[in-house]
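Structure file target-v2.csv (CSV, C-alpha atoms) is printed below.
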```
chain,number,residue,atom,x,y,z
A,1,TRP,CA,-10.7,2.4,21.0
A,2,SER,CA,-8.8,3.6,17.9
A,3,SER,CA,-9.4,5.3,14.6
A,4,ASP,CA,-7.7,5.1,11.2
A,5,VAL,CA,-8.0,8.2,8.9
A,6,CYS,CA,-7.5,7.6,5.2
A,7,SER,CA,-7.5,9.8,2.1
A,8,SER,CA,-9.5,8.9,-1.0
A,9,ASP,CA,-6.4,7.2,-2.5
A,10,LEU,CA,-7.0,4.0,-0.6
A,11,THR,CA,-5.2,1.6,-2.9
A,12,GLU,CA,-4.5,-2.1,-2.6
A,13,SER,CA,-1.0,-1.3,-1.4
A,14,LEU,CA,-2.3,0.7,1.5
A,15,ALA,CA,-4.9,-1.9,2.3
A,16,SER,CA,-2.1,-4.6,2.5
A,17,PHE,CA,-0.8,-2.6,5.5
A,18,LEU,CA,-4.1,-1.3,6.9
A,19,HIS,CA,-5.9,-4.7,7.2
A,20,PRO,CA,-3.1,-6.4,9.3
A,21,SER,CA,-2.8,-3.4,11.5
A,22,LEU,CA,-6.5,-3.4,12.2
A,23,ALA,CA,-6.3,-7.1,13.0
A,24,HIS,CA,-3.4,-6.5,15.4
A,25,LEU,CA,-5.3,-3.8,17.3
A,26,ASP,CA,-8.4,-6.1,17.4
A,27,ASP,CA,-6.2,-8.8,19.0
A,28,ARG,CA,-5.2,-6.2,21.7
A,29,GLY,CA,-8.9,-5.6,22.4
A,30,LEU,CA,-9.5,-2.1,20.9
A,31,VAL,CA,-12.7,-1.2,19.2
A,32,GLN,CA,-11.8,0.3,15.9
A,33,HIS,CA,-13.2,2.8,13.4
A,34,VAL,CA,-12.1,3.9,9.9
A,35,LEU,CA,-12.7,7.4,8.6
A,36,TRP,CA,-12.0,7.9,5.0
A,37,LEU,CA,-12.6,10.1,2.0
A,38,ASP,CA,-14.7,8.1,-0.4
A,39,ASP,CA,-14.5,9.0,-4.1
A,40,GLY,CA,-16.1,5.8,-5.2
A,41,ARG,CA,-13.0,4.4,-7.0
A,42,LEU,CA,-12.1,1.5,-4.7
A,43,PRO,CA,-15.1,0.4,-2.7
A,44,ALA,CA,-13.9,-3.2,-2.8
A,45,VAL,CA,-11.0,-2.3,-0.5
A,46,MET,CA,-13.4,-1.2,2.2
A,47,ARG,CA,-15.7,-4.2,1.8
A,48,VAL,CA,-13.0,-6.6,3.0
A,49,LEU,CA,-12.1,-4.8,6.2
A,50,PRO,CA,-12.0,-7.1,9.3
A,51,PRO,CA,-15.4,-7.7,10.8
A,52,GLY,CA,-16.6,-5.4,13.5
A,53,VAL,CA,-14.6,-2.3,12.2
A,54,GLY,CA,-16.8,0.7,12.0
A,55,VAL,CA,-16.6,2.9,8.9
A,56,THR,CA,-17.5,6.5,8.2
A,57,ALA,CA,-17.3,7.3,4.5
A,58,VAL,CA,-17.0,11.1,3.7
A,59,ARG,CA,-18.1,11.4,0.1
A,60,VAL,CA,-15.9,13.6,-2.1
A,61,GLY,CA,-18.0,16.1,-4.1
A,62,ARG,CA,-17.2,18.0,-7.2
A,63,HIS,CA,-14.3,19.8,-5.4
A,64,GLU,CA,-12.1,17.7,-3.2
A,65,THR,CA,-11.4,20.6,-0.9
A,66,GLY,CA,-15.0,20.2,0.3
A,67,GLY,CA,-14.3,16.5,1.1
A,68,TRP,CA,-11.4,17.5,3.2
A,69,ALA,CA,-13.5,20.0,5.2
A,70,ASP,CA,-16.1,17.3,5.8
A,71,LEU,CA,-13.3,14.9,6.8
A,72,ARG,CA,-12.1,17.4,9.4
A,73,ARG,CA,-15.6,17.8,10.9
A,74,ALA,CA,-16.0,14.0,11.1
A,75,LEU,CA,-12.6,13.7,12.8
A,76,GLN,CA,-13.6,16.4,15.3
A,77,GLY,CA,-16.7,14.4,16.1
A,78,LEU,CA,-14.7,11.2,16.7
A,79,LEU,CA,-12.2,13.0,18.9
A,80,ARG,CA,-15.0,14.3,21.1
A,81,GLN,CA,-16.0,10.8,22.1
A,82,PRO,CA,-14.4,9.3,25.2
A,83,GLY,CA,-11.9,6.4,25.1
A,84,VAL,CA,-10.0,7.2,21.8
A,85,ARG,CA,-6.5,5.8,22.4
A,86,TYR,CA,-5.0,5.9,18.9
A,87,VAL,CA,-5.5,7.9,15.7
A,88,HIS,CA,-3.5,6.5,12.8
A,89,PHE,CA,-3.4,8.8,9.7
A,90,HIS,CA,-2.7,7.1,6.4
A,91,GLY,CA,-1.2,9.7,4.1
A,92,LEU,CA,0.3,13.1,5.1
A,93,ARG,CA,-2.7,15.2,4.1
A,94,PRO,CA,-5.1,13.4,6.5
A,95,TRP,CA,-2.4,13.9,9.2
A,96,LEU,CA,-2.2,17.7,8.5
A,97,VAL,CA,-6.0,17.8,8.7
A,98,GLY,CA,-5.7,16.3,12.2
A,99,LEU,CA,-2.9,18.7,13.2
A,100,SER,CA,-5.2,21.6,12.3
A,101,ILE,CA,-7.8,20.7,14.9
A,102,GLY,CA,-7.2,22.8,18.0
A,103,GLY,CA,-7.5,21.9,21.6
A,104,ALA,CA,-11.1,23.2,22.0
A,105,ALA,CA,-12.3,20.4,19.7
A,106,GLN,CA,-10.9,17.6,21.8
A,107,THR,CA,-11.7,16.3,25.3
A,108,HIS,CA,-8.3,14.5,25.5
A,109,ARG,CA,-5.2,13.8,23.4
A,110,PRO,CA,-4.9,10.4,21.8
A,111,ALA,CA,-1.6,9.0,20.6
A,112,CYS,CA,-1.0,9.8,16.9
A,113,PHE,CA,0.6,7.7,14.2
A,114,VAL,CA,1.2,8.6,10.6
A,115,SER,CA,2.2,6.4,7.6
A,116,PRO,CA,3.2,8.4,4.5
A,117,HIS,CA,2.4,5.6,1.9
A,118,GLY,CA,4.5,7.2,-0.7
A,119,SER,CA,3.0,10.7,-0.3
A,120,ARG,CA,4.3,13.4,-2.6
A,121,LEU,CA,4.7,15.6,0.6
A,122,LEU,CA,7.2,13.2,2.0
A,123,PRO,CA,10.2,15.6,1.6
A,124,LEU,CA,8.3,18.1,3.8
A,125,LEU,CA,7.7,15.6,6.7
A,126,PRO,CA,10.7,16.7,8.8
A,127,TRP,CA,9.4,20.3,8.6
A,128,PHE,CA,5.9,19.2,9.6
A,129,MET,CA,7.3,17.3,12.6
A,130,ARG,CA,9.0,20.4,13.8
A,131,LEU,CA,5.8,22.4,13.3
A,132,GLU,CA,3.9,19.9,15.4
A,133,ARG,CA,6.2,20.4,18.4
A,134,HIS,CA,5.4,24.2,18.3
A,135,LEU,CA,1.6,23.8,18.2
A,136,PRO,CA,0.2,24.4,21.7
A,137,TRP,CA,-2.5,21.8,21.5
A,138,CYS,CA,0.0,19.1,20.5
A,139,ARG,CA,2.3,19.6,23.5
A,140,ARG,CA,0.1,17.6,25.9
A,141,ARG,CA,0.6,14.3,24.1
A,142,PRO,CA,3.7,12.4,22.7
A,143,ALA,CA,5.0,13.4,19.3
A,144,THR,CA,3.5,11.6,16.3
A,145,THR,CA,5.0,8.2,15.7
A,146,ILE,CA,6.0,7.5,12.0
A,147,ILE,CA,5.2,4.0,10.9
A,148,SER,CA,6.7,3.5,7.4
A,149,THR,CA,5.3,1.1,4.9
A,150,SER,CA,8.4,0.4,2.8
A,151,GLU,CA,12.1,0.0,3.2
A,152,VAL,CA,12.7,3.0,1.0
A,153,GLU,CA,10.7,5.4,3.2
A,154,THR,CA,12.3,4.0,6.3
A,155,ARG,CA,15.8,4.7,5.0
A,156,ARG,CA,14.9,8.1,3.6
A,157,LEU,CA,13.3,9.3,6.8
A,158,GLY,CA,16.0,7.8,9.0
A,159,ALA,CA,18.7,9.6,6.9
A,160,VAL,CA,17.2,13.0,8.0
A,161,GLY,CA,17.1,12.1,11.6
A,162,LEU,CA,13.5,11.0,12.1
A,163,ASP,CA,12.7,8.0,14.3
A,164,VAL,CA,10.7,5.6,12.2
A,165,VAL,CA,9.0,2.3,12.9
A,166,GLY,CA,9.8,0.2,9.8
A,167,GLY,CA,6.5,-1.5,8.8
A,168,VAL,CA,6.0,-3.1,5.4
A,169,GLY,CA,3.1,-4.2,3.4
A,170,VAL,CA,1.9,-7.8,3.5
A,171,VAL,CA,1.3,-10.3,0.8
A,172,ASP,CA,-1.7,-12.6,1.2
A,173,GLU,CA,-0.9,-16.1,2.3
A,174,ALA,CA,-2.6,-17.5,-0.8
A,175,PHE,CA,0.3,-16.3,-3.0
A,176,TRP,CA,2.8,-18.3,-0.9
A,177,GLN,CA,0.7,-21.4,-1.2
A,178,ALA,CA,0.0,-21.1,-4.9
A,179,PRO,CA,1.9,-23.8,-6.9
A,180,ARG,CA,4.4,-22.5,-9.5
A,181,ARG,CA,3.1,-23.7,-12.9
A,182,GLU,CA,4.1,-22.6,-16.4
A,183,ALA,CA,1.7,-22.7,-19.3
A,184,ALA,CA,2.6,-24.8,-22.3
A,185,HIS,CA,3.2,-21.6,-24.3
A,186,PRO,CA,5.1,-18.5,-23.2
A,187,CYS,CA,3.2,-16.0,-21.2
A,188,VAL,CA,4.4,-12.5,-20.0
A,189,ILE,CA,2.3,-10.6,-17.5
A,190,GLY,CA,2.6,-7.1,-16.2
A,191,GLY,CA,0.5,-4.9,-13.9
A,192,ALA,CA,0.4,-2.4,-11.1
A,193,TYR,CA,-1.7,-1.0,-8.2
A,194,PRO,CA,-2.8,1.7,-8.8
A,195,PRO,CA,-3.2,2.0,-12.6
A,196,SER,CA,-0.1,2.9,-14.5
A,197,ARG,CA,-0.1,4.4,-17.9
A,198,GLU,CA,3.7,4.1,-18.2
A,199,GLY,CA,3.6,0.4,-17.3
A,200,ALA,CA,0.8,-0.4,-19.7
A,201,ARG,CA,2.5,1.5,-22.5
A,202,ARG,CA,5.7,-0.4,-22.0
A,203,LEU,CA,4.0,-3.8,-21.9
A,204,ALA,CA,2.2,-3.0,-25.2
A,205,TRP,CA,5.5,-2.0,-26.8
A,206,LEU,CA,7.1,-5.2,-25.6
A,207,ALA,CA,4.2,-7.3,-26.9
A,208,VAL,CA,4.5,-5.7,-30.4
A,209,ILE,CA,8.3,-6.3,-30.6
A,210,LEU,CA,8.4,-9.8,-29.2
A,211,SER,CA,5.4,-10.9,-31.2
A,212,ASP,CA,7.2,-10.0,-34.4
A,213,LEU,CA,10.4,-11.9,-33.2
A,214,ALA,CA,8.7,-14.9,-31.7
A,215,PRO,CA,4.9,-15.4,-32.5
A,216,GLY,CA,2.8,-17.3,-30.0
A,217,ILE,CA,3.7,-15.4,-26.8
A,218,GLU,CA,0.7,-14.4,-24.7
A,219,PHE,CA,0.7,-11.1,-22.9
A,220,ARG,CA,-1.6,-10.1,-20.0
A,221,TRP,CA,-2.0,-6.8,-18.2
A,222,LEU,CA,-3.4,-6.5,-14.7
A,223,GLY,CA,-4.7,-3.1,-13.8
A,224,ARG,CA,-7.4,-0.5,-14.5
A,225,THR,CA,-6.9,1.4,-17.7
A,226,ALA,CA,-8.5,4.4,-19.4
A,227,PRO,CA,-10.4,3.6,-22.6
A,228,ALA,CA,-7.6,5.0,-24.8
A,229,LEU,CA,-5.0,2.9,-23.1
A,230,GLY,CA,-7.2,-0.1,-23.2
A,231,ASP,CA,-7.5,0.3,-27.0
A,232,GLN,CA,-3.7,0.5,-27.2
A,233,LEU,CA,-3.3,-2.8,-25.2
A,234,HIS,CA,-6.0,-4.4,-27.4
A,235,ALA,CA,-4.2,-3.3,-30.6
A,236,ALA,CA,-1.0,-4.9,-29.3
A,237,SER,CA,-2.9,-8.2,-28.5
A,238,VAL,CA,-2.5,-7.8,-24.8
A,239,HIS,CA,-5.2,-9.6,-22.8
A,240,CYS,CA,-6.7,-7.7,-19.9
A,241,PRO,CA,-8.3,-10.3,-17.6
A,242,ALA,CA,-10.8,-9.4,-14.9
A,243,TRP,CA,-9.1,-8.9,-11.6
A,244,GLY,CA,-9.5,-7.3,-8.2
A,245,GLN,CA,-9.5,-9.7,-5.3
A,246,THR,CA,-6.7,-12.0,-4.4
A,247,ARG,CA,-8.2,-15.1,-6.1
A,248,GLU,CA,-8.6,-13.1,-9.4
A,249,VAL,CA,-5.0,-11.9,-9.3
A,250,LEU,CA,-3.8,-15.4,-8.6
A,251,ARG,CA,-5.9,-16.7,-11.5
A,252,ALA,CA,-4.4,-14.2,-13.9
A,253,MET,CA,-0.9,-15.0,-12.7
A,254,ASP,CA,-1.4,-18.7,-13.1
A,255,GLY,CA,0.8,-20.1,-15.9
A,256,ALA,CA,2.8,-17.0,-16.5
A,257,TRP,CA,6.5,-17.4,-17.4
A,258,VAL,CA,7.7,-13.9,-16.5
A,259,PHE,CA,6.3,-10.9,-14.6
A,260,VAL,CA,7.2,-7.4,-15.7
A,261,ALA,CA,7.1,-4.3,-13.3
A,262,SER,CA,7.6,-1.6,-16.0
A,263,GLN,CA,6.4,1.5,-14.1
A,264,ALA,CA,7.8,3.8,-11.4
A,265,ASP,CA,5.7,4.5,-8.3
A,266,PRO,CA,6.8,6.0,-5.0
A,267,ARG,CA,4.4,3.6,-3.1
A,268,TRP,CA,5.2,0.1,-2.1
A,269,PRO,CA,4.9,-2.1,-5.2
A,270,LEU,CA,2.4,-4.7,-4.0
A,271,MET,CA,1.8,-6.5,-7.3
A,272,LEU,CA,5.6,-7.0,-7.8
A,273,ALA,CA,5.7,-8.5,-4.2
A,274,GLN,CA,2.7,-10.7,-5.0
A,275,ALA,CA,4.4,-12.0,-8.2
A,276,MET,CA,7.6,-12.7,-6.2
A,277,ALA,CA,5.6,-14.5,-3.5
A,278,ALA,CA,4.0,-16.7,-6.2
A,279,GLY,CA,7.4,-17.7,-7.5
A,280,LEU,CA,7.4,-15.8,-10.8
A,281,PRO,CA,10.7,-14.6,-12.2
A,282,CYS,CA,10.5,-10.8,-12.3
A,283,VAL,CA,11.9,-8.0,-14.4
A,284,ALA,CA,11.6,-4.5,-13.0
A,285,VAL,CA,12.6,-1.0,-14.1
A,286,ARG,CA,15.3,0.3,-11.8
A,287,THR,CA,13.5,2.5,-9.2
A,288,PRO,CA,14.3,2.8,-5.4
A,289,GLN,CA,11.2,0.7,-4.5
A,290,HIS,CA,12.0,-2.0,-7.1
A,291,MET,CA,15.7,-2.1,-6.0
A,292,ALA,CA,14.6,-2.6,-2.4
A,293,LEU,CA,12.1,-5.3,-3.2
A,294,THR,CA,14.5,-7.3,-5.5
A,295,GLU,CA,17.5,-6.7,-3.1
A,296,ASN,CA,19.3,-4.7,-5.7
A,297,GLY,CA,18.8,-7.3,-8.4
A,298,ARG,CA,19.5,-10.5,-6.5
A,299,ALA,CA,15.8,-11.6,-6.5
A,300,GLY,CA,14.8,-10.1,-9.9
A,301,LEU,CA,16.3,-8.5,-13.0
A,302,LEU,CA,16.6,-4.7,-13.0
A,303,VAL,CA,16.7,-2.7,-16.2
A,304,ASP,CA,17.3,0.9,-17.0
A,305,ASP,CA,15.4,1.4,-20.3
A,306,ASP,CA,13.1,-0.3,-22.9
A,307,ALA,CA,16.1,-1.9,-24.6
A,308,GLY,CA,17.2,-3.5,-21.3
A,309,LEU,CA,13.6,-4.6,-20.7
A,310,LEU,CA,13.4,-6.4,-24.0
A,311,GLU,CA,16.8,-8.1,-23.5
A,312,ALA,CA,15.9,-9.3,-19.9
A,313,VAL,CA,12.5,-10.7,-20.8
A,314,GLY,CA,13.9,-12.4,-23.9
A,315,ALA,CA,16.7,-14.0,-21.8
A,316,LEU,CA,14.2,-15.4,-19.4
A,317,LEU,CA,11.9,-16.7,-22.1
A,318,ASP,CA,14.8,-18.6,-23.6
A,319,ASN,CA,16.2,-20.0,-20.4
A,320,PRO,CA,13.9,-22.3,-18.3
A,321,ALA,CA,16.7,-23.0,-15.7
A,322,LEU,CA,17.1,-19.2,-15.2
A,323,ARG,CA,13.4,-18.8,-14.7
A,324,GLN,CA,13.2,-21.6,-12.2
A,325,ARG,CA,16.2,-20.3,-10.2
A,326,LEU,CA,15.1,-16.6,-10.3
A,327,GLY,CA,11.5,-17.5,-9.3
A,328,GLN,CA,12.7,-19.6,-6.4
A,329,THR,CA,15.0,-16.8,-5.2
A,330,ALA,CA,12.2,-14.3,-5.5
A,331,ARG,CA,9.8,-16.4,-3.4
A,332,GLU,CA,12.4,-17.0,-0.7
A,333,SER,CA,13.4,-13.3,-0.6
A,334,ALA,CA,9.8,-12.1,-0.3
A,335,ALA,CA,9.0,-14.7,2.3
A,336,ALA,CA,11.7,-13.4,4.5
A,337,ARG,CA,10.2,-9.9,4.6
A,338,TYR,CA,6.5,-9.7,3.6
A,339,ARG,CA,4.6,-12.4,5.5
A,340,ILE,CA,2.2,-11.3,8.2
A,341,HIS,CA,4.3,-12.1,11.3
A,342,TYR,CA,7.0,-9.7,10.2
A,343,LEU,CA,4.6,-6.8,10.1
A,344,ARG,CA,3.1,-7.8,13.4
A,345,SER,CA,6.5,-7.6,15.1
A,346,GLU,CA,6.9,-4.1,13.8
A,347,LEU,CA,3.4,-3.1,14.8
A,348,ARG,CA,4.2,-4.3,18.3
A,349,ARG,CA,7.1,-1.9,18.4
A,350,GLY,CA,5.0,1.0,17.3
A,351,TYR,CA,1.6,0.5,18.9
A,352,ASP,CA,2.3,-1.5,22.0
A,353,ALA,CA,4.9,0.8,23.5
A,354,LEU,CA,2.2,3.4,24.2
A,355,LEU,CA,-0.2,0.8,25.4
A,356,HIS,CA,2.4,-0.3,27.9
A,357,GLU,CA,3.0,3.2,29.0
A,358,ALA,CA,-0.7,3.8,29.7
A,359,GLY,CA,-1.3,0.3,31.0
A,360,ASP,CA,-2.9,-2.5,29.0
A,361,PRO,CA,-6.6,-1.4,28.7
A,362,GLY,CA,-8.1,-4.7,27.9
A,363,ARG,CA,-11.2,-4.5,25.7
A,364,PRO,CA,-13.1,-1.2,26.5
A,365,ALA,CA,-16.9,-0.9,26.4
A,366,PRO,CA,-18.1,-0.4,22.8
A,367,VAL,CA,-18.7,3.1,21.7
A,368,THR,CA,-21.2,4.4,19.1
A,369,PRO,CA,-19.2,5.3,16.0
A,370,VAL,CA,-19.9,8.4,14.0
A,371,THR,CA,-21.8,7.0,11.0
A,372,GLU,CA,-24.4,9.7,10.4
A,373,PRO,CA,-24.2,11.3,6.9
A,374,LEU,CA,-22.3,14.5,6.9
A,375,ARG,CA,-24.2,17.6,5.8
```

Write-out of the structure in structure tokens:
Amino acid sequence: WSSDVCSSDLTESLASFLHPSLAHLDDRGLVQHVLWLDDGRLPAVMRVLPPGVGVTAVRVGRHETGGWADLRRALQGLLRQPGVRYVHFHGLRPWLVGLSIGGAAQTHRPACFVSPHGSRLLPLLPWFMRLERHLPWCRRRPATTIISTSEVETRRLGAVGLDVVGGVGVVDEAFWQAPRREAAHPCVIGGAYPPSREGARRLAWLAVILSDLAPGIEFRWLGRTAPALGDQLHAASVHCPAWGQTREVLRAMDGAWVFVASQADPRWPLMLAQAMAAGLPCVAVRTPQHMALTENGRAGLLVDDDAGLLEAVGALLDNPALRQRLGQTARESAAARYRIHYLRSELRRGYDALLHEAGDPGRPAPVTPVTEPLR
């Protein structure tokens, strides 16, 4: 059986990779268990895990350091159980917690995988990998396999000599099947997972400027916002529809003329990928992640500042043929990279090599997951 260990920052972008990987291992016959730090921010992500996956939620108290100590104890309990073949750490801090567990705490050495998911500790990963090779309790198993979740991470880690399996996030099939439809009146939509103060501020600014130049444009923001930022969006007449699950995001995107990704984030930009899959013409600020997603501007317009954002959105609103052409290019580009079968092929490279080395185990007898509350 296998275990996935996640930090409290379990965003929709991480879930777009986690869920297909759990389904892949389920197809290979492994009983699975997810261990994660629960701060109560995103319970919906955990509610939609594949059926049959066990979950241990370690509640984060007033001080997050206490949560990490509890996570370490829970992981020790899992590693003492027989039959653990994999441990996949999502984020570098959970992986470091796993590295800190000495040999006395484990009856055997499962194969380890780590996915950085845009961690701020990413520049230190080469040093951490060297440290792992010198830990006595890590010498009796293969080195940790890195499974990246974005093209940017894969290139960055490969440039410093690390072997990386290049996984990506996955866009739900509902976005590819959604018909492309424009509302009768112009509609500009922006948003991000996780919440982005920078992105919301820019969309509010854009709404104020464009509403003065061309009244009648509707603006929508998809994302959680703090009360003060919500007031700013409301003052700029930006509608904030209810959203969360796939159907709600699709409903909010329905009828939009242009999607704006106006924030920088080191993680894989899932909502931009969803908009491209839905066939929306997209404008994005120039960041490494956005450049990779739009193929350096071929499948979306890249801008460097607020003035460029205003110009690009205005050009799309004025040109239906450009919107149609760019939206179709975006959908085709995303379809070539972010559908489920592409991720499955990368997961086969990462997971199945070790299964082959050890012999295909088939489906093991179920084990009792560690679900007791931690004290």

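From atom CA of A:Ser16 back to atom CA of A:Gly158, the distance works out to 22.9 Å.
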
As a check of understanding: the span from atom CA of A:Asp27 to atom CA of A:Leu347 is 11.9 Å

Got a sec: who's within 10 Å of A:Pro194, counting only C-alpha atoms, leaving out chain neighbours fewer than 2 positions off, as an MDAnalysis selection string?
chainID A and resid 9:13 191:192 196:197 223:225 265 267 269:271

Do you know which residues are at most 7 Å from stretch 81-93 of chain A counting all atoms listed in the file, after dropping those on the same chain fewer than 3 positions away, and could you put them as a PyMOL selection string?
chain A and resi 1-7+78+96-97+110-117+119+121

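Pairwise distance (atom CA of A:Tyr351, atom CA of A:Gln76) equals 22.3 Å.
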
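Here the question is which of A:Ser262, A:Thr149, A:Thr56, A:Asn319 gets nearest to A:Gln32 using all atoms listed in the file, and that residue is A:Thr56.
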
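Around A:Ala275, within 9 Å and counting all atoms listed in the file, the residues found are Phe175, Leu250, Met253, Phe259, Leu270, Met271, Leu272, Ala278, Gly279, Leu280, Pro281, Cys282, Ala330 and Arg331 of chain A, once anything fewer than 3 positions away on its own chain is removed.
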
Pick from A:Pro241, A:Arg201, A:Ala273, A:Ala235 nearest to A:Arg220, counting all atoms listed in the file:
A:Pro241

Counting all atoms listed in the file, note down every residue that has an atom within 8 Å of the point (4.7, -22.7, -11.6) (file coordinates), as JSON, numbers by chain.
{"A": [179, 180, 181, 182, 254, 255, 256, 279, 280]}

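Nearest residue to A:Arg286 among A:Ala183, A:Leu210, A:Leu302, A:Val170 is A:Leu302, counting all atoms listed in the file.
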
Could you tell me, as a PyMOL selection string, which residues have any atom at most 10 Å from (-14.5, 15.6, 9.7), counting all atoms listed in the file?
chain A and resi 5+35-37+56+58+67-79+97-98+101+370+374

Report as a VMD selection string all protein, DNA and RNA residues lying within 8 Å of A:Trp243, evaluated on all atoms listed in the file, omitting residues in the same chain fewer than 2 positions from it.
chain A and resid 222 to 223 241 245 248 to 249 252

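Considering the residues A:Thr145, A:Gln274, A:Ser100, A:Ser345 and counting all atoms listed in the file, A:Leu131 has its shortest atom-to-atom contact with A:Ser100.
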
Skipping near chain neighbours, those fewer than 3 positions away, what residues fall within 8 Å of stretch 22-26 of chain A using only C-alpha atoms, listed as a PyMOL selection string?
chain A and resi 18-19+29-32+50+344+347

For the selection you just gave me, I'd like the residues written to a file as a compact mmCIF listing (two decimals), in the coordinates of the input, keeping C-alpha atoms.
```txt
# COMPACT_ATOMS: atom_id res chain seq x y z
CA LEU A 18 -4.10 -1.30 6.90
CA HIS A 19 -5.90 -4.70 7.20
CA GLY A 29 -8.90 -5.60 22.40
CA LEU A 30 -9.50 -2.10 20.90
CA VAL A 31 -12.70 -1.20 19.20
CA GLN A 32 -11.80 0.30 15.90
CA PRO A 50 -12.00 -7.10 9.30
CA ARG A 344 3.10 -7.80 13.40
CA LEU A 347 3.40 -3.10 14.80
```

Residue nearest A:Glu198 among A:Leu135, A:Asp212, A:Ala264, A:Tyr338 (counting all atoms listed in the file)
A:Ala264
